[in-house]
Amino acid sequence: MYEYVPRHRIVDVLKHVRNLLRQVEPIDERERLAAERREIVAKYIISNLPRTGPHPTLNAVAEIVDTFLLTIGAAHELFGYDLEAIRQYDLRLNSGRTHIVESYVFERDRIVDVPLKLAPESTFRSNAMLGDLVSEWATGVPIRALDEGSGDKPGSFYVHVGTDESRGSSLPPGSLALVNSIDMAEALRPNPRFIYLLQFRNGYRCSRCIVSHGKLQMLSSTRDYIRARSFACPAEVRVAGRIQMFAHALPQPEFESHDRLRAGRYLADLTLPWEHHTRDELFLDEYRRFQRSAEEEREIRELLIDVLKSPLTKRTERRYRHPGASEPHISTLIQLTLLHFARYSDSLRIGGLSVREHERYSLNTIINARSVEELASPIDAVRSLRSEAVWNPRRREFMDWLVLLSFKFPGLNVREDSVVRLSHSQALSGLQPTIAAGSWMLLKPLEGPPNSAVDRQRRGWSRPFYVLRRGMQFLTGYLEQDDAGYALLSNTDGIPSKERFGQDEMTSLHSVAGVAVPV
């Protein structure tokens with residue numbers, strides 16, 4: 001997440017960028033004044049940089065973003081920070097609790113492949129591989145072309161389902177869910193058929209629910225007995241959004257089941273992160289919502305100090321949970337973000353640094369450019385993609401699924417990895433929610449002979465399941481030994497099904513490594 005960069009290397013990069021920007025001829029008085037200001041600020045930054053410490057302040061990074069037209073990720077990378085790693089550290093340190101996670105991609109020029117044209121609608125009526133559903137791809141597309149920047153109030157966001165809060169949740173622990181914002185009318189009268197993200201003063205939960213006479217009742221999605229849960233709504237709980245889909249890695253580890261929301265010493269406001277007005281409000285609210293044990297906090301602090309090579313005292317932490325004029329160093333801000341279950345983009349945005357990055361450049365792009373003409377306009381990339389693409393009614397499904405899978409499985413290559421789309425729902429015993437029609441499955445070859453006896457001892461999302469390909473057919477189910485061969489067990493329309501096959505078809509059997517499921 002951090003590696004020290006000598007100041008002379010940073011100075012060389014900034015001088016190179018300044019020389020590039022000098023090639024731009026101002027076309028009006030406004031641009032001329034902006035160029036003059038850039039020269040003054042650039043000279044100040046370059047001359048003072050060798051005397052600064054290893055970790056810059058947020059103000060210094062913000063000045064570099066504005067002066068040298070770098071993206072936020074590029075300005076951090078210049079000083080040795082990898083902002084994309086924050087998402088992985090968050091899941092490593094905070095996976096036990098359900099919380100809203102980072103969805104902004106700071107690596108704006110990351111290359112992705114995007115479906116350009118899809119197969120005829122009739123192709124979607126049967127199970128099919130992703131490669132057969134996309135007839136043409138747009139390759140080499142920078143991710144900035146798909147995301148023109150985040151607003152202050154996102155229409156959708158992502159939530160990680162805590163592994164320590166599994167019982168009573170309508171989604172499997174450890175999954176990543178896409179949440180759509182809802183209006184006030186739906187928040188006060190949620191539909192019990194849908195799964196919602198519920199915000200409490202001491203945590204979050206993904207659950208079906210009903211509201212009646214000012215009381216919200218959480219509904220269990222399993223047959224396990226769970227005591228009735230009733231909360232005053234909207235005084236004690238807020239219906240923060242509706243779950244659209246979730247992605248989950250398989251098979252799921254067996255987590256300890258808990259039957260209650262954690263009690264906290266303090267209670268937070270029912271306010272979503274981006275609704276706060278100041279950074280200290282955000283950190284104080286999340287500190288109250290998510291309490292850690294003393295041992296857990298000590299271990300996390302030691303790890304962050306080791307990774308970022310920067311101490312964080314409790315006095316400093318308390319200072320930034322209260323109003324004040326001081327701005328944190330970047331190392332401090334990253335640690336505060338992770339300690340408080342926050343998103344780094346919110347920590348920046350609420351602190352006054354805009355995350356809208358039109359006409360900003362990545363570090364590699366601007367370092368490798370030898371003339372200003374080599375800096376392709378990010379806006380042109382967006383317009384080019386939109387003008388050439390043939391938008392299909394299923395575009396939203398594909399774009400949402402691909403983004404969700406890329407967050408859950410960072411190494412996924414959608415064009416090369418085996419991904420199958422299910423045209424019909426697939427009911428497997430113990431799985432809630434059901435694997436609905438339109439779900440995607442990530443397949444992987446078997447690493448060895450399957451052990452169905454061991455598989456049978458596991459339950460729910462912890463039990464491995466498999467896909468057998470027979471020509472154009474894809475059969476899904478649990479694996480069991482059947483005489484000299486095997487059988488896949490499934491359930492279609494409430495009717496148990498057993499599909500037998502022999503050793504000669506084992507090469508066509510794949511395990512399911514992950515799913516993306518609409519709910």
# chains A, B, ... in the order shown; residues from 1 in each chain; ligands from 1
>>> select_by_dssp(residues="region 60-251 of chain A", states="alpha helix (DSSP H)", output="VMD selection string")
chain A and resid 60 to 68 72 to 78 84 to 94 130 to 133 184 to 188
>>> residues_around(residues="Ala138 (chain A)", least_positions_apart="2", cutoff="8 Å", atoms="only C-alpha atoms", output="list of chain:residue names")
A:Asp113, A:Val114, A:Pro115, A:Leu116, A:Glu136, A:Gly140, A:Val141
>>> write_last_selection(atoms="all heavy atoms", output="CSV table (one decimal), in the first residue's frame")
chain,number,residue,atom,x,y,z
A,113,ASP,N,-12.2,-4.8,-20.7
A,113,ASP,CA,-12.9,-5.2,-21.9
A,113,ASP,C,-14.4,-5.0,-21.7
A,113,ASP,O,-14.9,-5.4,-20.6
A,113,ASP,CB,-12.6,-6.6,-22.3
A,113,ASP,CG,-11.2,-6.9,-22.7
A,113,ASP,OD1,-10.5,-5.9,-23.2
A,113,ASP,OD2,-10.7,-8.0,-22.5
A,114,VAL,N,-15.1,-4.4,-22.6
A,114,VAL,CA,-16.5,-4.1,-22.4
A,114,VAL,C,-17.3,-4.7,-23.5
A,114,VAL,O,-17.0,-4.6,-24.7
A,114,VAL,CB,-16.7,-2.5,-22.5
A,114,VAL,CG1,-18.2,-2.2,-22.2
A,114,VAL,CG2,-15.8,-1.9,-21.4
A,115,PRO,N,-18.5,-5.4,-23.2
A,115,PRO,CA,-19.4,-5.9,-24.3
A,115,PRO,C,-19.9,-4.8,-25.2
A,115,PRO,O,-20.4,-3.8,-24.7
A,115,PRO,CB,-20.5,-6.5,-23.5
A,115,PRO,CG,-19.9,-6.8,-22.1
A,115,PRO,CD,-19.0,-5.7,-21.9
A,116,LEU,N,-19.7,-4.9,-26.4
A,116,LEU,CA,-20.1,-3.9,-27.4
A,116,LEU,C,-21.4,-4.3,-28.1
A,116,LEU,O,-22.3,-3.5,-28.2
A,116,LEU,CB,-19.0,-3.7,-28.4
A,116,LEU,CG,-19.1,-2.4,-29.2
A,116,LEU,CD1,-19.1,-1.2,-28.3
A,116,LEU,CD2,-17.9,-2.3,-30.2
A,136,GLU,N,-19.4,-9.1,-29.8
A,136,GLU,CA,-18.3,-8.2,-30.1
A,136,GLU,C,-17.9,-7.4,-28.8
A,136,GLU,O,-18.8,-7.0,-28.1
A,136,GLU,CB,-18.8,-7.1,-31.2
A,136,GLU,CG,-17.6,-6.2,-31.6
A,136,GLU,CD,-18.1,-5.2,-32.7
A,136,GLU,OE1,-19.1,-5.5,-33.3
A,136,GLU,OE2,-17.3,-4.3,-32.9
A,140,GLY,N,-9.4,-2.8,-24.6
A,140,GLY,CA,-8.5,-1.7,-24.3
A,140,GLY,C,-9.2,-0.4,-23.9
A,140,GLY,O,-8.8,0.7,-24.1
A,141,VAL,N,-10.4,-0.5,-23.2
A,141,VAL,CA,-11.1,0.6,-22.8
A,141,VAL,C,-10.7,1.1,-21.4
A,141,VAL,O,-10.7,0.2,-20.5
A,141,VAL,CB,-12.7,0.3,-22.8
A,141,VAL,CG1,-13.5,1.5,-22.3
A,141,VAL,CG2,-13.1,-0.1,-24.2
>>> closest_residue(among="A:Ser371, A:Ser230, A:Thr98, A:Gln335", to="Asn19 (chain A)", atoms="only C-alpha atoms")
A:Ser371
>>> closest_residue(among="A:Ser175, A:Thr123, A:Thr337, A:Gln88", to="Leu404 (chain A)", atoms="only C-alpha atoms")
A:Ser175
>>> closest_residue(among="A:Asn180, A:Ser331, A:Ser439, A:Gln481", to="Asp82 (chain A)", atoms="only C-alpha atoms")
A:Ser331
>>> closest_residue(among="A:Gly477, A:Arg421, A:Phe398, A:Arg292", to="Leu118 (chain A)", atoms="only C-alpha atoms")
A:Phe398
>>> residues_around(residues="Pro190 (chain A)", least_positions_apart="5", cutoff="12 Å", atoms="only C-alpha atoms", output="list in words")
Ile182, Asp183, Met184, Ala185, Ile195, Tyr196, Leu197, Leu198, Ser207, Arg208, Cys209, Ile210, Val211, Ser212, Lys215, Leu216, Gln217, Met218, Leu219, Cys233, Arg238, Val239, Ala240, Gly241, Arg242 and Ile243 of chain A
>>> closest_residue(among="A:Arg289, A:Arg51, A:Lys444, A:Arg38", to="Arg7 (chain A)", atoms="only C-alpha atoms")
A:Arg51
>>> closest_residue(among="A:Leu431, A:Ala42, A:Ala325, A:Ala369", to="Arg18 (chain A)", atoms="only C-alpha atoms")
A:Ala42
>>> residues_around(residues="Ala62 (chain A)", least_positions_apart="4", cutoff="8 Å", atoms="only C-alpha atoms", output="list of chain:residue names")
A:Leu58, A:Asp66, A:Ile72, A:Leu353
>>> select_by_dssp(residues="region 188-356 of chain A", states="strand (DSSP E or B)", output="PyMOL selection string")
chain A and resi 196-200+203-212+215-219+230-232+237-249+329
>>> residues_around(residues="Glu281 (chain A)", least_positions_apart="6", cutoff="12 Å", atoms="only C-alpha atoms", output="MDAnalysis selection string")
chainID A and resid 268:269 271:275 287:288 318:324 340 342 346:347 350:351
>>> atom_distance(atom1="CA of Val515 (chain A)", atom2="CA of Gln252 (chain A)")
11.3 Å
>>> residues_around(residues="Leu375 (chain A)", least_positions_apart="2", cutoff="12 Å", atoms="only C-alpha atoms", output="list in words")
Val17, Leu20, Leu21, Gln23, Val24, Leu69, Leu70, Glu359, Arg360, Tyr361, Ser362, Leu363, Asn364, Thr365, Ile366, Ile367, Asn368, Ala369, Arg370, Ser371, Val372, Glu373, Ser377, Pro378, Ile379, Asp380 and Ala381 of chain A
>>> write_last_selection(atoms="N, CA, C and O atoms", output="compact mmCIF listing (two decimals), in the first residue's frame")
# COMPACT_ATOMS: atom_id res chain seq x y z
N VAL A 17 6.13 17.22 -16.17
CA VAL A 17 4.73 17.58 -16.38
C VAL A 17 4.60 19.08 -16.64
O VAL A 17 3.85 19.52 -17.52
N LEU A 20 5.46 19.83 -20.14
CA LEU A 20 4.40 19.41 -21.06
C LEU A 20 3.28 20.46 -21.10
O LEU A 20 2.83 20.86 -22.18
N LEU A 21 2.85 20.89 -19.93
CA LEU A 21 1.73 21.83 -19.87
C LEU A 21 2.10 23.21 -20.41
O LEU A 21 1.22 23.97 -20.81
N GLN A 23 3.42 23.65 -23.13
CA GLN A 23 3.20 23.60 -24.58
C GLN A 23 1.77 23.99 -24.97
O GLN A 23 1.49 24.21 -26.14
N VAL A 24 0.88 24.07 -23.99
CA VAL A 24 -0.51 24.43 -24.28
C VAL A 24 -0.62 25.94 -24.41
O VAL A 24 -0.29 26.68 -23.49
N LEU A 69 -2.65 18.64 -13.14
CA LEU A 69 -3.72 17.93 -13.85
C LEU A 69 -3.59 16.41 -13.73
O LEU A 69 -3.86 15.67 -14.68
N LEU A 70 -3.19 15.95 -12.54
CA LEU A 70 -3.11 14.52 -12.28
C LEU A 70 -4.41 14.03 -11.64
O LEU A 70 -5.09 14.79 -10.95
N GLU A 359 -10.53 15.46 -17.54
CA GLU A 359 -9.33 16.15 -17.99
C GLU A 359 -8.17 16.03 -17.00
O GLU A 359 -7.35 16.93 -16.85
N ARG A 360 -8.11 14.90 -16.30
CA ARG A 360 -6.97 14.59 -15.44
C ARG A 360 -6.25 13.37 -16.03
O ARG A 360 -6.86 12.55 -16.73
N TYR A 361 -4.97 13.22 -15.71
CA TYR A 361 -4.17 12.19 -16.36
C TYR A 361 -3.53 11.25 -15.34
O TYR A 361 -3.16 11.67 -14.24
N SER A 362 -3.40 10.00 -15.75
CA SER A 362 -2.74 9.01 -14.89
C SER A 362 -1.24 9.26 -14.92
O SER A 362 -0.71 9.95 -15.81
N LEU A 363 -0.54 8.69 -13.95
CA LEU A 363 0.90 8.94 -13.85
C LEU A 363 1.65 8.35 -15.04
O LEU A 363 2.53 9.01 -15.63
N ASN A 364 1.33 7.12 -15.43
CA ASN A 364 2.02 6.51 -16.56
C ASN A 364 1.79 7.28 -17.85
O ASN A 364 2.70 7.47 -18.66
N THR A 365 0.54 7.72 -18.05
CA THR A 365 0.22 8.46 -19.27
C THR A 365 1.05 9.73 -19.38
O THR A 365 1.64 10.02 -20.44
N ILE A 366 1.12 10.47 -18.30
CA ILE A 366 1.79 11.78 -18.38
C ILE A 366 3.31 11.64 -18.34
O ILE A 366 4.03 12.45 -18.91
N ILE A 367 3.84 10.59 -17.68
CA ILE A 367 5.29 10.37 -17.66
C ILE A 367 5.78 9.96 -19.04
O ILE A 367 6.85 10.40 -19.50
N ASN A 368 5.01 9.12 -19.73
CA ASN A 368 5.44 8.60 -21.03
C ASN A 368 5.20 9.56 -22.19
O ASN A 368 5.70 9.33 -23.29
N ALA A 369 4.43 10.61 -21.96
CA ALA A 369 4.15 11.57 -23.03
C ALA A 369 5.38 12.46 -23.26
O ALA A 369 6.00 12.95 -22.31
N ARG A 370 5.71 12.69 -24.53
CA ARG A 370 6.82 13.57 -24.87
C ARG A 370 6.32 14.90 -25.45
O ARG A 370 7.10 15.82 -25.61
N SER A 371 5.04 14.96 -25.72
CA SER A 371 4.44 16.21 -26.17
C SER A 371 3.01 16.24 -25.69
O SER A 371 2.42 15.19 -25.38
N VAL A 372 2.45 17.43 -25.61
CA VAL A 372 1.09 17.55 -25.11
C VAL A 372 0.09 16.88 -26.04
O VAL A 372 -0.99 16.46 -25.62
N GLU A 373 0.46 16.74 -27.32
CA GLU A 373 -0.44 16.08 -28.27
C GLU A 373 -0.61 14.60 -27.96
O GLU A 373 -1.60 13.99 -28.38
N SER A 377 -7.41 12.90 -24.81
CA SER A 377 -8.43 13.45 -23.92
C SER A 377 -9.29 12.35 -23.33
O SER A 377 -9.85 11.54 -24.08
N PRO A 378 -9.43 12.28 -22.00
CA PRO A 378 -10.33 11.30 -21.40
C PRO A 378 -11.76 11.46 -21.89
O PRO A 378 -12.48 10.49 -22.06
N ILE A 379 -12.17 12.71 -22.14
CA ILE A 379 -13.53 12.95 -22.62
C ILE A 379 -13.73 12.32 -23.99
O ILE A 379 -14.77 11.74 -24.29
N ASP A 380 -12.71 12.38 -24.85
CA ASP A 380 -12.82 11.78 -26.18
C ASP A 380 -13.00 10.28 -26.07
O ASP A 380 -13.73 9.67 -26.85
N ALA A 381 -12.33 9.66 -25.10
CA ALA A 381 -12.47 8.20 -24.92
C ALA A 381 -13.89 7.84 -24.58
O ALA A 381 -14.44 6.85 -25.07
>>> atom_distance(atom1="CA of Glu397 (chain A)", atom2="CA of Ser156 (chain A)")
14.0 Å
>>> residues_around(residues="region 448-463 of chain A", least_positions_apart="4", cutoff="6 Å", atoms="only C-alpha atoms", output="JSON, numbers by chain")
{"A": [251, 252, 253, 430, 431, 479, 480]}
>>> write_last_selection(atoms="N, CA and C atoms", output="PDB file, in the first residue's frame")
ATOM      1  N   PRO A 251     -16.274 -22.504  -2.422  1.00  0.00           N
ATOM      2  CA  PRO A 251     -17.272 -22.674  -1.362  1.00  0.00           C
ATOM      3  C   PRO A 251     -16.976 -21.741  -0.197  1.00  0.00           C
ATOM      4  N   GLN A 252     -18.012 -21.327   0.500  1.00  0.00           N
ATOM      5  CA  GLN A 252     -17.877 -20.389   1.604  1.00  0.00           C
ATOM      6  C   GLN A 252     -17.284 -21.081   2.831  1.00  0.00           C
ATOM      7  N   PRO A 253     -16.325 -20.449   3.526  1.00  0.00           N
ATOM      8  CA  PRO A 253     -15.857 -21.022   4.803  1.00  0.00           C
ATOM      9  C   PRO A 253     -17.014 -21.094   5.789  1.00  0.00           C
ATOM     10  N   GLY A 430     -30.685 -25.726   0.860  1.00  0.00           N
ATOM     11  CA  GLY A 430     -29.881 -24.986   1.827  1.00  0.00           C
ATOM     12  C   GLY A 430     -29.356 -23.662   1.346  1.00  0.00           C
ATOM     13  N   LEU A 431     -29.569 -23.335   0.059  1.00  0.00           N
ATOM     14  CA  LEU A 431     -29.061 -22.063  -0.466  1.00  0.00           C
ATOM     15  C   LEU A 431     -30.141 -20.997  -0.392  1.00  0.00           C
ATOM     16  N   LEU A 479     -22.829 -32.697  -5.814  1.00  0.00           N
ATOM     17  CA  LEU A 479     -22.253 -33.932  -6.347  1.00  0.00           C
ATOM     18  C   LEU A 479     -22.383 -35.060  -5.331  1.00  0.00           C
ATOM     19  N   GLU A 480     -22.844 -36.210  -5.815  1.00  0.00           N
ATOM     20  CA  GLU A 480     -22.897 -37.399  -4.970  1.00  0.00           C
ATOM     21  C   GLU A 480     -22.417 -38.601  -5.777  1.00  0.00           C
TER      22      GLU A 480
END
